[in-house]
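Source file: protein05.cif. Holds: mmCIF, C-alpha atoms.
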data_coords
#
loop_
_atom_site.label_atom_id
_atom_site.label_comp_id
_atom_site.auth_asym_id
_atom_site.auth_seq_id
_atom_site.Cartn_x
_atom_site.Cartn_y
_atom_site.Cartn_z
CA MET A 1 6.16 -34.73 -4.17
CA ALA A 2 6.02 -38.41 -5.03
CA VAL A 3 3.30 -40.23 -6.94
CA VAL A 4 2.38 -43.51 -5.23
CA THR A 5 0.37 -44.96 -8.11
CA LYS A 6 0.57 -44.22 -11.78
CA GLY A 7 -3.12 -43.64 -12.41
CA LYS A 8 -4.06 -40.75 -14.69
CA ASP A 9 -5.63 -38.79 -11.80
CA GLN A 10 -2.48 -39.00 -9.68
CA ILE A 11 -0.22 -37.96 -12.56
CA PHE A 12 -2.56 -35.07 -13.34
CA ALA A 13 -2.61 -33.99 -9.67
CA TYR A 14 1.19 -34.17 -9.55
CA SER A 15 1.49 -32.06 -12.71
CA LEU A 16 -1.01 -29.51 -11.40
CA ALA A 17 0.85 -29.25 -8.09
CA LYS A 18 4.20 -28.74 -9.86
CA TYR A 19 2.66 -26.16 -12.22
CA SER A 20 1.07 -24.29 -9.31
CA GLN A 21 4.32 -24.39 -7.35
CA ARG A 22 6.17 -22.93 -10.34
CA LEU A 23 3.59 -20.14 -10.65
CA VAL A 24 3.79 -19.21 -6.96
CA GLN A 25 7.59 -19.08 -7.13
CA SER A 26 7.53 -16.95 -10.27
CA ASP A 27 7.90 -13.18 -10.27
CA THR A 28 6.43 -12.84 -13.76
CA PRO A 29 2.78 -12.97 -14.81
CA ASN A 30 1.33 -16.13 -16.33
CA SER A 31 2.22 -16.39 -20.00
CA GLY A 32 -1.40 -16.85 -20.99
CA ASN A 33 -1.72 -20.56 -20.35
CA ALA A 34 -5.42 -21.36 -20.80
CA PHE A 35 -5.07 -24.08 -18.13
CA SER A 36 -5.28 -21.54 -15.33
CA ARG A 37 -6.70 -18.02 -15.01
CA TRP A 38 -4.69 -17.17 -11.93
CA VAL A 39 -1.08 -16.23 -11.54
CA GLY A 40 1.13 -16.95 -8.58
CA LYS A 41 3.29 -13.97 -7.71
CA MET A 42 5.71 -13.12 -4.95
CA LEU A 43 5.18 -9.63 -3.58
CA LEU A 44 7.54 -7.76 -1.28
CA ILE A 45 5.28 -6.10 1.29
CA ASN A 46 6.63 -4.27 4.34
CA SER A 47 10.04 -5.95 3.80
CA GLU A 48 8.54 -9.46 3.81
CA ARG A 49 7.89 -11.75 0.85
CA HIS A 50 4.30 -12.93 0.38
CA ALA A 51 2.90 -15.39 -2.16
CA ALA A 52 -0.32 -14.24 -3.76
CA SER A 53 -2.80 -15.87 -6.13
CA ILE A 54 -3.82 -13.27 -8.64
CA GLU A 55 -6.63 -13.50 -11.17
CA PRO A 56 -6.85 -11.06 -14.07
CA GLY A 57 -8.13 -7.74 -12.76
CA THR A 58 -7.22 -8.41 -9.12
CA THR A 59 -6.23 -5.16 -7.44
CA LEU A 60 -3.36 -4.70 -5.06
CA LEU A 61 -5.89 -3.58 -2.44
CA SER A 62 -7.79 -6.87 -2.56
CA VAL A 63 -4.54 -8.87 -2.31
CA LEU A 64 -3.42 -6.80 0.69
CA ARG A 65 -6.74 -7.08 2.51
CA ASP A 66 -8.06 -10.50 1.49
CA GLN A 67 -4.92 -12.61 1.04
CA ILE A 68 -2.20 -11.00 3.14
CA GLY A 69 -4.52 -9.79 5.91
CA LEU A 70 -3.32 -6.18 6.00
CA LYS A 71 -6.49 -4.17 6.60
CA GLY A 72 -4.96 -0.67 6.98
CA ALA A 73 -5.58 0.40 3.38
CA LYS A 74 -9.33 0.98 3.07
CA GLU A 75 -11.66 0.36 0.16
CA ALA A 76 -13.93 3.33 -0.38
CA CYS A 77 -14.41 4.66 -3.90
CA GLY A 78 -12.85 1.79 -5.90
CA ARG A 79 -11.89 4.34 -8.60
CA GLY A 80 -8.69 5.92 -7.28
CA GLU A 81 -10.43 9.16 -6.33
CA CYS A 82 -10.43 9.27 -2.54
CA GLY A 83 -7.01 8.07 -1.35
CA ALA A 84 -8.23 5.83 1.49
CA CYS A 85 -6.33 2.94 -0.12
CA THR A 86 -2.99 4.75 -0.53
CA VAL A 87 0.15 2.64 -0.21
CA LEU A 88 3.73 3.23 -1.27
CA ILE A 89 5.42 1.30 -4.06
CA ASP A 90 9.13 2.03 -3.89
CA ASP A 91 8.30 5.16 -1.85
CA VAL A 92 5.82 6.50 -4.44
CA PRO A 93 2.19 6.90 -3.24
CA VAL A 94 -0.30 4.90 -5.34
CA MET A 95 -3.98 4.13 -5.08
CA SER A 96 -4.06 0.40 -4.46
CA CYS A 97 -7.74 0.10 -5.47
CA ILE A 98 -6.82 0.75 -9.12
CA THR A 99 -3.35 -0.80 -9.18
CA LEU A 100 -3.36 -4.26 -10.71
CA ALA A 101 -1.52 -6.66 -8.42
CA SER A 102 -0.02 -8.52 -11.38
CA ARG A 103 1.74 -5.30 -12.49
CA VAL A 104 3.36 -4.48 -9.15
CA LYS A 105 7.14 -4.37 -9.23
CA GLY A 106 9.08 -3.13 -6.24
CA GLU A 107 8.39 -3.00 -2.53
CA VAL A 108 4.90 -2.25 -1.29
CA THR A 109 4.73 -0.38 2.02
CA THR A 110 1.42 -0.14 3.83
CA VAL A 111 0.34 1.87 6.84
CA GLU A 112 1.21 -1.15 8.99
CA GLY A 113 4.78 -1.07 7.70
CA LEU A 114 5.17 2.59 8.60
CA ALA A 115 3.91 2.36 12.19
CA GLU A 116 7.24 3.12 13.86
CA GLU A 117 8.41 5.73 11.37
CA PHE A 118 5.35 7.97 11.68
CA ARG A 119 4.65 7.76 15.39
CA ASP A 120 5.27 11.52 15.61
CA LEU A 121 2.99 12.16 12.64
CA ARG A 122 0.16 10.14 14.23
CA GLU A 123 0.56 12.12 17.45
CA ALA A 124 0.45 15.38 15.49
CA PHE A 125 -2.72 14.24 13.70
CA ALA A 126 -4.29 13.67 17.12
CA ASP A 127 -3.00 16.96 18.56
CA TYR A 128 -4.17 19.09 15.61
CA GLY A 129 -7.47 17.33 14.89
CA GLY A 130 -6.15 15.76 11.69
CA PHE A 131 -8.65 12.93 11.93
CA GLN A 132 -12.10 12.39 13.32
CA CYS A 133 -13.85 9.24 12.11
CA GLY A 134 -10.50 7.70 11.10
CA PHE A 135 -11.60 6.03 7.87
CA CYS A 136 -9.29 8.06 5.63
CA THR A 137 -6.49 8.36 8.17
CA SER A 138 -4.34 5.47 6.98
CA GLY A 139 -4.23 6.86 3.44
CA GLN A 140 -3.56 10.37 4.77
CA LEU A 141 -0.67 9.10 6.93
CA VAL A 142 0.90 7.09 4.10
CA ARG A 143 0.82 10.01 1.67
CA ALA A 144 2.04 12.44 4.34
CA THR A 145 4.93 10.09 5.12
CA ALA A 146 5.99 10.14 1.47
CA LEU A 147 5.76 13.92 1.51
CA LEU A 148 7.85 14.20 4.69
CA ARG A 149 10.46 11.81 3.29
CA ALA A 150 10.77 14.00 0.20
CA GLY A 151 11.26 17.06 2.42
CA LEU A 152 9.42 20.34 2.79
CA PRO A 153 10.85 23.84 2.50
CA ALA A 154 11.50 25.75 5.74
CA ASP A 155 9.26 28.59 4.54
CA ARG A 156 5.86 27.87 6.05
CA GLN A 157 3.78 29.43 3.26
CA LYS A 158 5.58 27.46 0.54
CA ALA A 159 5.44 24.29 2.63
CA GLU A 160 1.68 24.64 3.17
CA GLU A 161 1.11 25.13 -0.56
CA ILE A 162 3.03 21.93 -1.25
CA ILE A 163 1.20 20.04 1.50
CA ARG A 164 -2.22 21.14 0.21
CA TYR A 165 -1.31 20.24 -3.36
CA GLU A 166 0.23 16.85 -2.53
CA MET A 167 -2.54 15.86 -0.12
CA SER A 168 -5.34 16.88 -2.51
CA GLY A 169 -5.70 13.28 -3.71
CA ASN A 170 -6.74 12.16 -0.23
CA ILE A 171 -10.29 13.11 0.62
CA CYS A 172 -11.50 13.66 4.18
CA ARG A 173 -15.16 14.39 4.80
CA CYS A 174 -14.79 15.21 8.49
CA THR A 175 -11.90 17.54 9.25
CA GLY A 176 -11.89 20.31 6.69
CA TYR A 177 -8.17 19.65 6.00
CA ASN A 178 -6.69 22.42 8.16
CA GLY A 179 -5.87 19.99 10.96
CA ILE A 180 -4.18 17.65 8.47
CA VAL A 181 -2.05 20.46 7.02
CA GLU A 182 -1.13 21.70 10.50
CA ALA A 183 -0.17 18.19 11.64
CA ILE A 184 2.11 17.61 8.64
CA TRP A 185 3.73 21.04 9.00
CA ALA A 186 4.27 20.55 12.75
CA THR A 187 5.85 17.13 12.15
CA ALA A 188 8.16 18.53 9.46
CA GLU A 189 9.22 21.38 11.78
CA ALA A 190 9.80 19.06 14.74
CA ARG A 191 11.89 16.73 12.60
CA ARG A 192 13.87 19.64 11.22
CA LEU A 193 14.60 20.89 14.77
CA ASN A 194 15.63 17.40 15.90
CA VAL A 195 18.09 17.12 13.01
CA ALA A 196 19.50 20.59 13.74
CA THR A 197 20.26 19.79 17.39
#
What would the structure in this file look like if it were written as structure tokens?
Amino acid sequence: MAVVTKGKDQIFAYSLAKYSQRLVQSDTPNSGNAFSRWVGKMLLINSERHAASIEPGTTLLSVLRDQIGLKGAKEACGRGECGACTVLIDDVPVMSCITLASRVKGEVTTVEGLAEEFRDLREAFADYGGFQCGFCTSGQLVRATALLRAGLPADRQKAEEIIRYEMSGNICRCTGYNGIVEAIWATAEARRLNVAT
């Protein structure tokens, strides 16, 4: 960026642009410079790098929805109680509504980034009545994907106990949960059979 004239306003604008560029390229939070309340941060989301402007207190959910345009994670409770906003950070399910964007390290995977991997899980949710209104479904699918990646025991009773425990952080007001548990179990079994053959 070149400064055409040497007036104070142009020099200031040049300095601000360079400072902002440095912040956006940085992977570390702002060091507390009183000049700016926001931090530029690069986030790895669904295997793509995204620049985000983050003010103190900005949640990962608001960055995903408002800046990146990924609307799959839903805002419902805003307190980390319902699971509608679940995403994976380095394959660990987290509630993005209470995760500060400035503290995120590692790859964020949203429901959009898992679309191909859980095609069979989505079909099972439909077949077993695992969703009705659909509001909580993205969070349910993300957490179930993490659970399936970790593996379930072949014993159905033990597997169902694990599924119910692990999925307890994702609230659904429509289905009564049995369809969700059945869908996850059926997907695990189908995947197990596909690997065996």
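Between Glu123 (chain A) and the candidates A:Leu70, A:Val87, A:Val92, A:Ala183, the tightest atom-to-atom separation, counting all atoms listed in the file, involves A:Ala183.
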Note to self: (6.5, 16.3, 10.9) in this file's frame - what residues fall within 9 Å of it? Use only C-alpha atoms and give the answer as a list in words.
What the structure shows: Phe118, Asp120, Leu121, Ala124, Ala144, Thr145, Leu148, Ala183, Ile184, Trp185, Ala186, Thr187, Ala188, Glu189, Ala190, Arg191 and Arg192 of chain A
Margin query: As a check of understanding, name the residues that the PyMOL selection byres ((chain A and resi 174-181) around 9) selects in the supplied structure, as a list in words.
Written below: Ala124, Phe125, Ala126, Asp127, Tyr128, Gly129, Gly130, Phe131, Gln132, Cys133, Gln140, Glu160, Ile163, Arg164, Met167, Ile171, Cys172, Arg173, Glu182, Ala183, Ile184, Trp185 and Ala186 of chain A
Take the residues from that selection and put them in a file with C-alpha atoms, as a CSV table (one decimal), in the frame of the given file.
chain,number,residue,atom,x,y,z
A,124,ALA,CA,0.4,15.4,15.5
A,125,PHE,CA,-2.7,14.2,13.7
A,126,ALA,CA,-4.3,13.7,17.1
A,127,ASP,CA,-3.0,17.0,18.6
A,128,TYR,CA,-4.2,19.1,15.6
A,129,GLY,CA,-7.5,17.3,14.9
A,130,GLY,CA,-6.2,15.8,11.7
A,131,PHE,CA,-8.6,12.9,11.9
A,132,GLN,CA,-12.1,12.4,13.3
A,133,CYS,CA,-13.8,9.2,12.1
A,140,GLN,CA,-3.6,10.4,4.8
A,160,GLU,CA,1.7,24.6,3.2
A,163,ILE,CA,1.2,20.0,1.5
A,164,ARG,CA,-2.2,21.1,0.2
A,167,MET,CA,-2.5,15.9,-0.1
A,171,ILE,CA,-10.3,13.1,0.6
A,172,CYS,CA,-11.5,13.7,4.2
A,173,ARG,CA,-15.2,14.4,4.8
A,182,GLU,CA,-1.1,21.7,10.5
A,183,ALA,CA,-0.2,18.2,11.6
A,184,ILE,CA,2.1,17.6,8.6
A,185,TRP,CA,3.7,21.0,9.0
A,186,ALA,CA,4.3,20.6,12.8
Report as a PDB file with C-alpha atoms, in the frame of the given file the residues that result from applying the PyMOL selection byres ((chain A and resi 91) around 9) to the structure here.
ATOM      1  CA  VAL A  87       0.150   2.640  -0.210  1.00  0.00           C
ATOM      2  CA  LEU A  88       3.730   3.230  -1.270  1.00  0.00           C
ATOM      3  CA  ILE A  89       5.420   1.300  -4.060  1.00  0.00           C
ATOM      4  CA  ASP A  90       9.130   2.030  -3.890  1.00  0.00           C
ATOM      5  CA  VAL A  92       5.820   6.500  -4.440  1.00  0.00           C
ATOM      6  CA  PRO A  93       2.190   6.900  -3.240  1.00  0.00           C
ATOM      7  CA  GLU A 107       8.390  -3.000  -2.530  1.00  0.00           C
ATOM      8  CA  VAL A 108       4.900  -2.250  -1.290  1.00  0.00           C
ATOM      9  CA  THR A 109       4.730  -0.380   2.020  1.00  0.00           C
ATOM     10  CA  ALA A 146       5.990  10.140   1.470  1.00  0.00           C
ATOM     11  CA  ARG A 149      10.460  11.810   3.290  1.00  0.00           C
TER      12      ARG A 149
END
Notebook entry, point to check: CA of Cys136 (chain A) and CA of Leu43 (chain A) are how many Å apart?
Noted result: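 We find that CA of Cys136 (chain A) and CA of Leu43 (chain A) lie 24.6 Å from each other.
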Item checked: Selection dump of the PyMOL selection byres ((chain A and resi 76) around 12), as a VMD selection string -> chain A and resid 61 73 to 75 77 to 86 95 to 98 135 to 136 139 170 to 172
Check: Hey, can you pull every residue with an atom no more than 9 Å from (0.2, 4.0, 10.9), using all atoms listed in the file, and send it as a ChimeraX atom specification?
Finding: /A:72,110-119,121-122,137-138,141-142
Selected residues written out, C-alpha atoms, as a compact mmCIF listing (two decimals), in the frame of the given file:
# COMPACT_ATOMS: atom_id res chain seq x y z
CA GLY A 72 -4.96 -0.67 6.98
CA THR A 110 1.42 -0.14 3.83
CA VAL A 111 0.34 1.87 6.84
CA GLU A 112 1.21 -1.15 8.99
CA GLY A 113 4.78 -1.07 7.70
CA LEU A 114 5.17 2.59 8.60
CA ALA A 115 3.91 2.36 12.19
CA GLU A 116 7.24 3.12 13.86
CA GLU A 117 8.41 5.73 11.37
CA PHE A 118 5.35 7.97 11.68
CA ARG A 119 4.65 7.76 15.39
CA LEU A 121 2.99 12.16 12.64
CA ARG A 122 0.16 10.14 14.23
CA THR A 137 -6.49 8.36 8.17
CA SER A 138 -4.34 5.47 6.98
CA LEU A 141 -0.67 9.10 6.93
CA VAL A 142 0.90 7.09 4.10
Next item on the list: Identify which of the residues A:Ser102, A:Ala52, A:Tyr165, A:Trp38 lies closest to Gly69 (chain A), counting only C-alpha atoms when measuring atom-to-atom distances.
Entry: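 Checking each candidate against Gly69 (chain A), we get A:Ala52 as the closest.
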Check: In terms of the shortest atom-to-atom distance over all atoms listed in the file, which of A:Leu152, A:Ala159, A:Val63, A:Val94 is closest to Met42 (chain A)?
Finding: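 Smallest distance to Met42 (chain A) is found for A:Val63.
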Item checked: Between CA of Thr99 (chain A) and CA of Gly40 (chain A), distance in Å (one decimal) -> 16.8 Å
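Of the listed residues A:Leu193, A:Ala154, A:Arg143, A:Lys105, the one whose atoms come nearest to Gly169 (chain A) is A:Arg143, with distances taken using only C-alpha atoms.
Going from CA of Gly151 (chain A) to CA of Ser47 (chain A) covers 23.1 Å.
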Next item on the list: Would you kindly return, as a PyMOL selection string, each protein, DNA or RNA residue with an atom no farther than 10 Å from any atom of Gln67 (chain A), considering all atoms listed in the file and excluding same-chain residues fewer than 5 positions away?
Entry: chain A and resi 50-54+61-62
